[in-house]
Amino acid sequence: MSGRRDPHERTEPTLGRLDDLDKPAPPVDDGLPHIVIDEPRRGGAVPPPRSRGPGRPRKRGWLIPVLVLALIGVATALYLQQDRLRNLVPSTELNDTLAQANTALNAGKLDGTQGDSARELFEKARDQQPDSDQARDGLRRVGQAEVSRADAALTAGRLDEAEAALNVARELLGGGNDVEQLSQRLSQARNPQQQTESLIDRAQQALAAGTLDGDAGAGPLYRRVLDADRNNAVAARGLDKVGDGLAAQARQAMADNDRAKANAIVDRIALLVPGYADLPSLRAALAENRKQDDQAVATLVQQGNESMRAGRFTGEGDDNALARFRAALAADPDNADAKAGLGQVAQALIVQANAAIDSEDDDQASRLLDQAAKLAPKSAELAAARARIAGGGKAPATAAAGGNKLPVAGDDTPAQASMAVSPEQKARVNALVRRAQQAAASGNIMDPPGDSAYDLYRNALSIDGNDPAARAGLQGLPGQVETLMQQAVANGNVRRAEDLYGTLSDLAPGDASQGDLRHKLGSAWIDNAVQRAAQGDRQGAFQSLDRARRYAPDDPRLQSTYERIATGR
């Protein structure tokens, strides 16, 4: 045979030996030249990619960035609309709470302290979603159920249970006809006829003895009877007699020029006998007396201001600002203008003391600052000026190291300022200033003693009286206090605002801007009185009005609020 395969010869396919799969195939002699192809070497250079031919499809490299951008856009849209989407999804927790609240309401478990009563659960639902109409309606239904419970308890003679239910209903419903009627019925039930007769007997005895006010006075006893039974003619006539007696006392106080006592008595008449016929004339007489007194005080204040402009701050006799302002305060202890005048005298003395320090006359400066300290002991400017005086005695380094007690609020001894401050002292000053800044930011202006911003700044100045950060911080405290006070007034925290106003008066006596702040504080107390009256606390409301009169006696709302609370309108 020639070795060539016949092309017409058919060869059957076979698998061959499976064991020889991994062996290289033997060479086939087909008469053609052999070509050997080298395998690519590992680690060698990668050959450059072949250029795409005209028939090869184009790669879509732009697709991935477009998809990424689209996903970002979708995610952003979902984030911006998350609240809207959340509202579309029912809140399982809220629904569960509402269901539990309705179950408790249906079971008659209206109020409690274990967290499982209807009121607690509806309030919890309201906290979970403040704008939930279901929660608000549920609390209203609880209030109505408490009214029904109070009515049933009152009918059965369970007065304490009726009162407790009535208080809850008043809290939830804010009052209303049903609540007021039940309240009157409860008051009548607590003061049956026998007790009413006893109260009237005690009131008549007190009236005969001239005891008009106080816990055992005729006025409060008659008032208790009339609160329980508005148609009791004996109590009504008795209160009129009490009003006559108190009115006589008020007029005598006006004749004695005791305006504070007269005001207090007239306010008491408005509380005990709100419909007293002579009450308007008493108010008018008080207003006229106040006007006359105010004119006299205003004249003294004006004379004091004229003395200030003439440079007669202090001195012997009455022809100086200090004497005039003190006379004004003797006539009207709460006069804001006279108090501001004393602060201005103190400020003028501090200015003179600083000039003496600049002239190196420390003795004269100390005398002036001692006079200012009697008028404004906690003035920030006073403390800063004292720190400038280089005192004798022990070096401040000893005090900084703990050998001497550092100054605290109310301690008016001159701060010891060092002429040469060591690096250790400077580090101590910087630490004190940082602590003072933190205390001021936390609202700790004058308290606690030793750790307040005021004391910490003074401590820093006792080491280095010329430290600019400590001086600026101390002198900037009045501005920070004013800001805190404005915030307290805006938040309705009148007691905090009042405390801050007192602090501001101490730190910056005589500041002209305090007049507006004083009126704002008075107006805030009037708002507080209205709020307390709406809650049924008439006594507390009148106390708030008394405070309002101290700060804003000429506020037009003061008189109308008194009358509205007294008459219950």
# chains A, B, ... in the order shown; residues from 1 in each chain; ligands from 1
$ closest_atom_pairs --of "segment 184-287 of chain A" --to "segment 145-154 of chain A" --cutoff "9 Å" --atoms "only C-alpha atoms" --output "JSON lines"
{"residue": "A:Arg185", "atom": "CA", "partner": "A:Leu154", "partner_atom": "CA", "distance": 8.1}
{"residue": "A:Leu186", "atom": "CA", "partner": "A:Leu154", "partner_atom": "CA", "distance": 6.9}
{"residue": "A:Ala189", "atom": "CA", "partner": "A:Leu154", "partner_atom": "CA", "distance": 8.2}
$ residues_around --residues "segment 428-435 of chain A" --least-positions-apart "5" --cutoff "9 Å" --atoms "only C-alpha atoms" --output "PyMOL selection string"
chain A and resi 400+423+440+451-453+456-457+459-461+463-464+467+469-470+473
$ residues_around --residues "Pro280 of chain A" --least-positions-apart "3" --cutoff "12 Å" --atoms "only C-alpha atoms" --output "ChimeraX atom specification"
/A:247,266-267,269-270,274-277,283-287,559-560,562-563
$ closest_residue --among "A:Asn491, A:Asn528, A:Gln486, A:Thr113" --to "Gln514 of chain A" --atoms "only C-alpha atoms"
A:Gln486
$ residues_around --residues "Ala524 of chain A" --least-positions-apart "5" --cutoff "10 Å" --atoms "only C-alpha atoms" --output "list in words"
Ala488, Val489, Ala490, Asn491, Gly492, Asn493, Val494, Arg495, Ala497, Glu498, Arg518, His519, Ala529, Val530, Ser544, Leu545, Arg547, Ala548, Tyr551 and Ala552 of chain A
$ residues_around --residues "Met446 of chain A" --least-positions-apart "3" --cutoff "10 Å" --atoms "only C-alpha atoms" --output "number ranges by chain"
A: 378, 408-410, 439-440, 443, 449-456, 477, 500, 503, 506-507
$ write_last_selection --atoms "C-alpha atoms" --output "PDB file, in the first residue's frame"
ATOM      1  CA  LYS A 378     -22.163  92.087  91.357  1.00  0.00           C
ATOM      2  CA  VAL A 408     -16.812  83.806  94.468  1.00  0.00           C
ATOM      3  CA  ALA A 409     -20.022  85.695  93.769  1.00  0.00           C
ATOM      4  CA  GLY A 410     -20.765  88.174  96.541  1.00  0.00           C
ATOM      5  CA  ALA A 439     -20.575  77.397  82.274  1.00  0.00           C
ATOM      6  CA  ALA A 440     -22.037  80.378  80.419  1.00  0.00           C
ATOM      7  CA  GLY A 443     -26.703  78.860  81.570  1.00  0.00           C
ATOM      8  CA  PRO A 449     -20.828  79.501  93.588  1.00  0.00           C
ATOM      9  CA  GLY A 450     -17.251  78.910  92.531  1.00  0.00           C
ATOM     10  CA  ASP A 451     -18.216  77.114  89.337  1.00  0.00           C
ATOM     11  CA  SER A 452     -20.373  79.796  87.737  1.00  0.00           C
ATOM     12  CA  ALA A 453     -19.206  81.757  84.707  1.00  0.00           C
ATOM     13  CA  TYR A 454     -19.084  84.942  86.813  1.00  0.00           C
ATOM     14  CA  ASP A 455     -16.846  83.400  89.481  1.00  0.00           C
ATOM     15  CA  LEU A 456     -14.594  81.594  87.000  1.00  0.00           C
ATOM     16  CA  LEU A 477     -22.172  88.048  80.475  1.00  0.00           C
ATOM     17  CA  LEU A 500     -32.489  85.833  84.825  1.00  0.00           C
ATOM     18  CA  THR A 503     -29.185  88.381  87.382  1.00  0.00           C
ATOM     19  CA  ASP A 506     -27.031  92.639  89.145  1.00  0.00           C
ATOM     20  CA  LEU A 507     -24.565  92.337  86.263  1.00  0.00           C
TER      21      LEU A 507
END
$ atom_distance --atom1 "atom CA of Gln352 of chain A" --atom2 "atom CA of Gly304 of chain A"
18.5 Å
$ atom_distance --atom1 "atom CA of Gln184 of chain A" --atom2 "atom CA of Ala162 of chain A"
11.9 Å
$ residues_around --residues "Ser187 of chain A" --least-positions-apart "2" --cutoff "10 Å" --atoms "only C-alpha atoms" --output "PyMOL selection string"
chain A and resi 159+163+181-185+189-192+224-225+227-229
$ write_last_selection --atoms "N, CA, C and O atoms" --output "PDB file, in the first residue's frame"
ATOM      1  N   LEU A 159     -68.032  60.327  96.797  1.00  0.00           N
ATOM      2  CA  LEU A 159     -67.588  61.661  96.439  1.00  0.00           C
ATOM      3  C   LEU A 159     -66.118  61.692  95.993  1.00  0.00           C
ATOM      4  O   LEU A 159     -65.764  62.412  95.048  1.00  0.00           O
ATOM      5  N   GLU A 163     -64.842  62.910  92.408  1.00  0.00           N
ATOM      6  CA  GLU A 163     -63.888  64.008  92.246  1.00  0.00           C
ATOM      7  C   GLU A 163     -62.703  63.582  91.384  1.00  0.00           C
ATOM      8  O   GLU A 163     -62.237  64.332  90.509  1.00  0.00           O
ATOM      9  N   GLN A 181     -71.221  71.549  85.708  1.00  0.00           N
ATOM     10  CA  GLN A 181     -72.420  71.180  86.457  1.00  0.00           C
ATOM     11  C   GLN A 181     -72.113  70.104  87.490  1.00  0.00           C
ATOM     12  O   GLN A 181     -72.571  70.180  88.640  1.00  0.00           O
ATOM     13  N   LEU A 182     -71.312  69.103  87.089  1.00  0.00           N
ATOM     14  CA  LEU A 182     -70.933  68.062  88.035  1.00  0.00           C
ATOM     15  C   LEU A 182     -70.073  68.628  89.157  1.00  0.00           C
ATOM     16  O   LEU A 182     -70.187  68.206  90.316  1.00  0.00           O
ATOM     17  N   SER A 183     -69.207  69.568  88.816  1.00  0.00           N
ATOM     18  CA  SER A 183     -68.355  70.182  89.832  1.00  0.00           C
ATOM     19  C   SER A 183     -69.191  70.904  90.880  1.00  0.00           C
ATOM     20  O   SER A 183     -68.921  70.818  92.084  1.00  0.00           O
ATOM     21  N   GLN A 184     -70.224  71.602  90.427  1.00  0.00           N
ATOM     22  CA  GLN A 184     -71.106  72.303  91.362  1.00  0.00           C
ATOM     23  C   GLN A 184     -71.885  71.306  92.219  1.00  0.00           C
ATOM     24  O   GLN A 184     -72.046  71.502  93.434  1.00  0.00           O
ATOM     25  N   ARG A 185     -72.364  70.242  91.610  1.00  0.00           N
ATOM     26  CA  ARG A 185     -73.080  69.215  92.369  1.00  0.00           C
ATOM     27  C   ARG A 185     -72.172  68.579  93.421  1.00  0.00           C
ATOM     28  O   ARG A 185     -72.600  68.317  94.559  1.00  0.00           O
ATOM     29  N   ALA A 189     -72.560  68.534  97.405  1.00  0.00           N
ATOM     30  CA  ALA A 189     -72.590  67.276  98.148  1.00  0.00           C
ATOM     31  C   ALA A 189     -71.586  67.290  99.298  1.00  0.00           C
ATOM     32  O   ALA A 189     -71.818  66.691 100.352  1.00  0.00           O
ATOM     33  N   ARG A 190     -70.474  67.953  99.082  1.00  0.00           N
ATOM     34  CA  ARG A 190     -69.468  68.029 100.148  1.00  0.00           C
ATOM     35  C   ARG A 190     -69.865  69.049 101.217  1.00  0.00           C
ATOM     36  O   ARG A 190     -69.261  69.085 102.288  1.00  0.00           O
ATOM     37  N   ASN A 191     -70.807  69.899 100.938  1.00  0.00           N
ATOM     38  CA  ASN A 191     -71.252  70.890 101.903  1.00  0.00           C
ATOM     39  C   ASN A 191     -72.764  70.770 102.096  1.00  0.00           C
ATOM     40  O   ASN A 191     -73.541  71.613 101.643  1.00  0.00           O
ATOM     41  N   PRO A 192     -73.218  69.713 102.722  1.00  0.00           N
ATOM     42  CA  PRO A 192     -74.657  69.548 102.947  1.00  0.00           C
ATOM     43  C   PRO A 192     -75.194  70.636 103.867  1.00  0.00           C
ATOM     44  O   PRO A 192     -74.451  71.460 104.403  1.00  0.00           O
ATOM     45  N   ARG A 224     -66.926  79.860 100.794  1.00  0.00           N
ATOM     46  CA  ARG A 224     -67.099  78.411 100.660  1.00  0.00           C
ATOM     47  C   ARG A 224     -68.576  78.059 100.539  1.00  0.00           C
ATOM     48  O   ARG A 224     -68.967  77.207  99.735  1.00  0.00           O
ATOM     49  N   VAL A 225     -69.403  78.737 101.341  1.00  0.00           N
ATOM     50  CA  VAL A 225     -70.842  78.464 101.269  1.00  0.00           C
ATOM     51  C   VAL A 225     -71.383  78.875  99.910  1.00  0.00           C
ATOM     52  O   VAL A 225     -72.155  78.133  99.280  1.00  0.00           O
ATOM     53  N   ASP A 227     -69.830  79.209  97.062  1.00  0.00           N
ATOM     54  CA  ASP A 227     -69.326  78.359  95.980  1.00  0.00           C
ATOM     55  C   ASP A 227     -70.156  77.084  95.863  1.00  0.00           C
ATOM     56  O   ASP A 227     -70.339  76.547  94.763  1.00  0.00           O
ATOM     57  N   ALA A 228     -70.634  76.603  96.997  1.00  0.00           N
ATOM     58  CA  ALA A 228     -71.448  75.382  96.980  1.00  0.00           C
ATOM     59  C   ALA A 228     -72.895  75.667  96.622  1.00  0.00           C
ATOM     60  O   ALA A 228     -73.576  74.836  96.006  1.00  0.00           O
ATOM     61  N   ASP A 229     -73.360  76.839  96.999  1.00  0.00           N
ATOM     62  CA  ASP A 229     -74.767  77.183  96.749  1.00  0.00           C
ATOM     63  C   ASP A 229     -74.819  78.660  96.366  1.00  0.00           C
ATOM     64  O   ASP A 229     -74.814  79.551  97.224  1.00  0.00           O
TER      65      ASP A 229
END
$ select_by_dssp --residues "segment 310-550 of chain A" --states "helix (DSSP H, G or I)" --output "PyMOL selection string"
chain A and resi 321-331+336-358+362-375+380-388+396-400+423-441+453-463+468-475+477-490+494-507+514-534+538-550
$ closest_residue --among "A:Arg458, A:Arg259, A:Arg564, A:Arg496" --to "Asp334 of chain A" --atoms "only C-alpha atoms"
A:Arg259
$ atom_distance --atom1 "atom CA of Asn305 of chain A" --atom2 "atom CA of Ala340 of chain A"
10.4 Å
